[in-house]
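A.B. asks: Below you'll find final27.txt; it's compact mmCIF, C-alpha atoms.
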```txt
# COMPACT_ATOMS: atom_id res chain seq x y z
CA MET A 1 0.00 0.00 0.00
CA SER A 2 1.23 3.49 -0.82
CA ASP A 3 1.47 6.30 1.67
CA LEU A 4 -1.57 8.58 1.54
CA TYR A 5 -1.97 12.15 2.74
CA GLU A 6 -5.05 14.14 3.76
CA TYR A 7 -4.76 17.92 3.48
CA ASP A 8 -7.42 20.36 4.60
CA GLY A 9 -7.30 24.06 5.31
CA TYR A 10 -8.49 27.59 4.81
CA LEU A 11 -6.24 30.64 4.69
CA THR A 12 -7.16 34.31 4.56
CA PHE A 13 -4.70 37.04 3.67
CA SER A 14 -4.37 40.59 2.39
CA SER A 15 -5.69 40.95 -1.14
CA LEU A 16 -3.31 39.90 -3.87
CA ASN A 17 -2.65 42.44 -6.59
CA ASP A 18 -3.41 41.48 -10.21
CA LYS A 19 0.14 40.26 -10.92
CA GLN A 20 0.29 38.15 -7.71
CA SER A 21 -3.15 36.72 -8.43
CA GLU A 22 -2.11 35.74 -11.97
CA GLN A 23 1.06 34.08 -10.64
CA ALA A 24 -0.85 32.19 -7.94
CA HIS A 25 -3.46 30.95 -10.41
CA ALA A 26 -0.68 29.83 -12.81
CA ILE A 27 1.02 27.85 -10.02
CA LEU A 28 -2.26 26.15 -9.14
CA ARG A 29 -3.31 25.57 -12.75
CA ASN A 30 -0.04 23.79 -13.50
CA SER A 31 -0.49 21.55 -10.46
CA GLY A 32 -3.84 20.10 -11.49
CA LEU A 33 -4.96 20.51 -7.87
CA LYS A 34 -8.51 21.70 -7.24
CA VAL A 35 -8.26 24.71 -4.94
CA GLN A 36 -10.56 27.64 -4.27
CA LEU A 37 -8.41 30.75 -4.63
CA THR A 38 -9.79 34.28 -4.38
CA SER A 39 -7.89 37.55 -4.10
CA ASN A 40 -7.78 37.15 -0.30
CA SER A 41 -8.36 33.47 0.54
CA LEU A 42 -7.34 29.93 -0.31
CA GLU A 43 -9.32 26.80 0.51
CA LEU A 44 -7.65 23.45 0.01
CA GLN A 45 -8.80 19.85 0.37
CA TYR A 46 -6.81 16.94 -1.00
CA GLN A 47 -6.66 13.25 -0.24
CA GLY A 48 -4.28 10.94 -2.05
CA ARG A 49 -0.64 10.36 -2.83
CA ASP A 50 1.84 13.18 -2.41
CA THR A 51 4.92 11.68 -4.01
CA GLY A 52 7.94 13.84 -3.28
CA ARG A 53 5.61 16.05 -1.20
CA TRP A 54 4.73 18.05 -4.34
CA LEU A 55 1.82 19.72 -2.57
CA LEU A 56 4.16 21.22 0.03
CA GLN A 57 6.39 22.50 -2.74
CA LEU A 58 3.34 24.16 -4.30
CA LEU A 59 2.44 25.83 -0.99
CA ALA A 60 6.04 26.99 -0.59
CA GLU A 61 5.80 28.58 -4.06
CA LEU A 62 2.60 30.38 -3.06
CA ALA A 63 4.01 31.61 0.27
CA PRO A 64 5.96 34.63 -1.12
CA LEU A 65 2.84 35.77 -3.01
CA ILE A 66 0.51 35.39 -0.01
CA HIS A 67 3.16 36.71 2.42
CA THR A 68 1.20 36.27 5.68
CA ALA A 69 -2.05 34.39 6.20
CA SER A 70 -4.49 33.66 8.99
CA GLY A 71 -5.47 30.03 9.37
CA GLU A 72 -3.58 26.86 8.61
CA ILE A 73 -3.46 23.80 6.40
CA THR A 74 -3.49 20.52 8.28
CA CYS A 75 -2.13 17.27 6.95
CA LEU A 76 -2.55 13.75 8.26
CA PRO A 77 0.04 11.50 6.63
CA ASN A 78 -1.23 7.93 6.56
CA ILE A 79 2.10 6.15 6.42
CA GLU A 80 1.95 2.40 6.83
CA GLY A 81 3.53 1.24 10.09
CA ALA A 82 4.08 4.75 11.48
CA ASP A 83 2.43 6.34 14.52
CA PRO A 84 -0.07 9.07 13.59
CA VAL A 85 1.47 12.52 13.24
CA TYR A 86 -0.40 15.66 12.31
CA GLU A 87 1.31 18.36 10.31
CA PHE A 88 0.16 21.97 10.62
CA TYR A 89 1.28 24.44 7.95
CA GLU A 90 1.03 28.21 8.04
CA ILE A 91 2.36 31.03 5.91
CA ARG A 92 4.22 33.85 7.64
CA GLU A 93 6.46 36.53 6.16
CA GLY A 94 6.55 34.80 2.77
CA LYS A 95 7.61 31.39 4.13
CA LEU A 96 5.81 28.10 4.72
CA TYR A 97 6.15 26.85 8.30
CA LEU A 98 5.54 23.35 9.66
CA GLN A 99 4.54 22.39 13.18
CA GLU A 100 4.15 18.67 13.96
CA GLY A 101 1.71 17.25 16.48
CA ARG A 102 1.81 13.71 17.81
CA ILE A 103 -1.06 11.76 19.28
CA VAL A 104 -0.39 10.50 22.79
CA ARG A 105 -2.60 7.62 23.86
CA GLY A 106 -3.91 7.33 27.39
CA PRO A 107 -4.81 4.11 29.19
CA LYS A 108 -7.50 1.86 27.70
CA ARG A 109 -10.90 2.14 29.36
CA VAL A 110 -13.86 -0.22 29.27
CA ILE A 111 -17.01 1.25 27.75
CA VAL A 112 -19.98 -0.53 29.32
CA PRO A 113 -23.56 -0.78 28.07
CA PRO A 114 -26.31 1.15 29.88
CA GLY A 115 -27.45 -0.59 33.07
CA ASP A 116 -24.16 -2.44 33.59
CA ALA A 117 -23.09 -2.37 37.26
CA ARG A 118 -19.48 -1.47 36.42
CA ALA A 119 -18.42 2.14 36.38
CA ILE A 120 -18.06 3.66 32.93
CA GLY A 121 -14.47 4.30 32.04
CA GLU A 122 -12.77 1.81 34.33
CA ASP A 123 -9.14 1.37 33.36
CA VAL A 124 -8.36 -2.02 31.84
```
Take the structure in the file and write it out as structure tokens.
C.D. replies:
Amino acid sequence: MSDLYEYDGYLTFSSLNDKQSEQAHAILRNSGLKVQLTSNSLELQYQGRDTGRWLLQLLAELAPLIHTASGEITCLPNIEGADPVYEFYEIREGKLYLQEGRIVRGPKRVIVPPGDARAIGEDV
């Protein structure tokens, strides 16, 4: 099985001028990615392969045009055999930044049906 990636996010930013908007649309058009881009926002949803992390390269190309954005793009890499890691991307000062988040599991708890005498949430 191949590694799959789920990207989702919404960014808002200062309005792009006509030249920046044309450049951003050209970058997206060449990617084949379906993205909602307006003069002051970008909405992205993608699920599939990201060989060579091409989607991150595309976001890095857009970063100098957008400069600084509110919001973030999240990514959940579904890599076989690896623990789940979330990736959070934001654009600041013309650069794409990554912040990783790891899931920490707590103890297992028994979930009991209604009317069961045991307490809900007993540790196993």
A.B. asks: Each residue of segment 40-107 of chain A lying at most 12 Å from segment 9-31 of chain A should get a row with its shortest atom-to-atom pair and the distance in Å to one decimal, counting only C-alpha atoms; could you produce that, ordered by chain and increasing number, as JSON lines?
C.D. replies:
```
{"residue": "A:Asn40", "atom": "CA", "partner": "A:Ser15", "partner_atom": "CA", "distance": 4.4}
{"residue": "A:Ser41", "atom": "CA", "partner": "A:Thr12", "partner_atom": "CA", "distance": 4.3}
{"residue": "A:Leu42", "atom": "CA", "partner": "A:Leu11", "partner_atom": "CA", "distance": 5.2}
{"residue": "A:Glu43", "atom": "CA", "partner": "A:Tyr10", "partner_atom": "CA", "distance": 4.5}
{"residue": "A:Leu44", "atom": "CA", "partner": "A:Gly9", "partner_atom": "CA", "distance": 5.3}
{"residue": "A:Gln45", "atom": "CA", "partner": "A:Gly9", "partner_atom": "CA", "distance": 6.7}
{"residue": "A:Tyr46", "atom": "CA", "partner": "A:Gly9", "partner_atom": "CA", "distance": 9.5}
{"residue": "A:Asp50", "atom": "CA", "partner": "A:Ser31", "partner_atom": "CA", "distance": 11.8}
{"residue": "A:Trp54", "atom": "CA", "partner": "A:Ser31", "partner_atom": "CA", "distance": 8.8}
{"residue": "A:Leu55", "atom": "CA", "partner": "A:Ser31", "partner_atom": "CA", "distance": 8.4}
{"residue": "A:Leu56", "atom": "CA", "partner": "A:Ser31", "partner_atom": "CA", "distance": 11.5}
{"residue": "A:Gln57", "atom": "CA", "partner": "A:Ser31", "partner_atom": "CA", "distance": 10.4}
{"residue": "A:Leu58", "atom": "CA", "partner": "A:Ile27", "partner_atom": "CA", "distance": 7.2}
{"residue": "A:Leu59", "atom": "CA", "partner": "A:Ile27", "partner_atom": "CA", "distance": 9.4}
{"residue": "A:Ala60", "atom": "CA", "partner": "A:Ile27", "partner_atom": "CA", "distance": 10.7}
{"residue": "A:Glu61", "atom": "CA", "partner": "A:Ile27", "partner_atom": "CA", "distance": 7.7}
{"residue": "A:Leu62", "atom": "CA", "partner": "A:Ala24", "partner_atom": "CA", "distance": 6.2}
{"residue": "A:Ala63", "atom": "CA", "partner": "A:Ala24", "partner_atom": "CA", "distance": 9.6}
{"residue": "A:Pro64", "atom": "CA", "partner": "A:Gln20", "partner_atom": "CA", "distance": 9.4}
{"residue": "A:Leu65", "atom": "CA", "partner": "A:Gln20", "partner_atom": "CA", "distance": 5.9}
{"residue": "A:Ile66", "atom": "CA", "partner": "A:Phe13", "partner_atom": "CA", "distance": 6.6}
{"residue": "A:His67", "atom": "CA", "partner": "A:Phe13", "partner_atom": "CA", "distance": 8.0}
{"residue": "A:Thr68", "atom": "CA", "partner": "A:Phe13", "partner_atom": "CA", "distance": 6.3}
{"residue": "A:Ala69", "atom": "CA", "partner": "A:Phe13", "partner_atom": "CA", "distance": 4.5}
{"residue": "A:Ser70", "atom": "CA", "partner": "A:Thr12", "partner_atom": "CA", "distance": 5.2}
{"residue": "A:Gly71", "atom": "CA", "partner": "A:Leu11", "partner_atom": "CA", "distance": 4.8}
{"residue": "A:Glu72", "atom": "CA", "partner": "A:Gly9", "partner_atom": "CA", "distance": 5.7}
{"residue": "A:Ile73", "atom": "CA", "partner": "A:Gly9", "partner_atom": "CA", "distance": 4.0}
{"residue": "A:Thr74", "atom": "CA", "partner": "A:Gly9", "partner_atom": "CA", "distance": 6.0}
{"residue": "A:Cys75", "atom": "CA", "partner": "A:Gly9", "partner_atom": "CA", "distance": 8.7}
{"residue": "A:Leu76", "atom": "CA", "partner": "A:Gly9", "partner_atom": "CA", "distance": 11.7}
{"residue": "A:Glu87", "atom": "CA", "partner": "A:Gly9", "partner_atom": "CA", "distance": 11.5}
{"residue": "A:Phe88", "atom": "CA", "partner": "A:Gly9", "partner_atom": "CA", "distance": 9.4}
{"residue": "A:Tyr89", "atom": "CA", "partner": "A:Gly9", "partner_atom": "CA", "distance": 9.0}
{"residue": "A:Glu90", "atom": "CA", "partner": "A:Leu11", "partner_atom": "CA", "distance": 8.4}
{"residue": "A:Ile91", "atom": "CA", "partner": "A:Leu11", "partner_atom": "CA", "distance": 8.7}
{"residue": "A:Arg92", "atom": "CA", "partner": "A:Phe13", "partner_atom": "CA", "distance": 10.3}
{"residue": "A:Glu93", "atom": "CA", "partner": "A:Phe13", "partner_atom": "CA", "distance": 11.4}
{"residue": "A:Gly94", "atom": "CA", "partner": "A:Phe13", "partner_atom": "CA", "distance": 11.5}
```
A.B. asks: Using all atoms listed in the file, pick whichever of A:Arg102, A:Ile111, A:Asp116, A:Asp3 has the shortest atom-to-atom distance to Gly48 of chain A.
C.D. replies: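 Smallest separation from Gly48 of chain A among the options: A:Asp3.
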A.B. asks: Give me, please, the distance in Å between atom CA of Glu100 of chain A and atom CA of Thr51 of chain A, quoted to one decimal.
C.D. replies: 19.3 Å
A.B. asks: Can you sort out the box for segment 102-107 of chain A, edges along x, y and z, all listed atoms in, 8 Å on every side, with centre and edge lengths in Å to one decimal, as AutoDock Vina command-line options?
C.D. replies:
```
--center_x -1.5 --center_y 8.9 --center_z 23.5 --size_x 22.6 --size_y 25.6 --size_z 27.4
```
A.B. asks: Between atom CA of Ile103 of chain A and atom CA of Asn78 of chain A, what is the distance, to one decimal in Å?
C.D. replies: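 So the answer is 13.3 Å.
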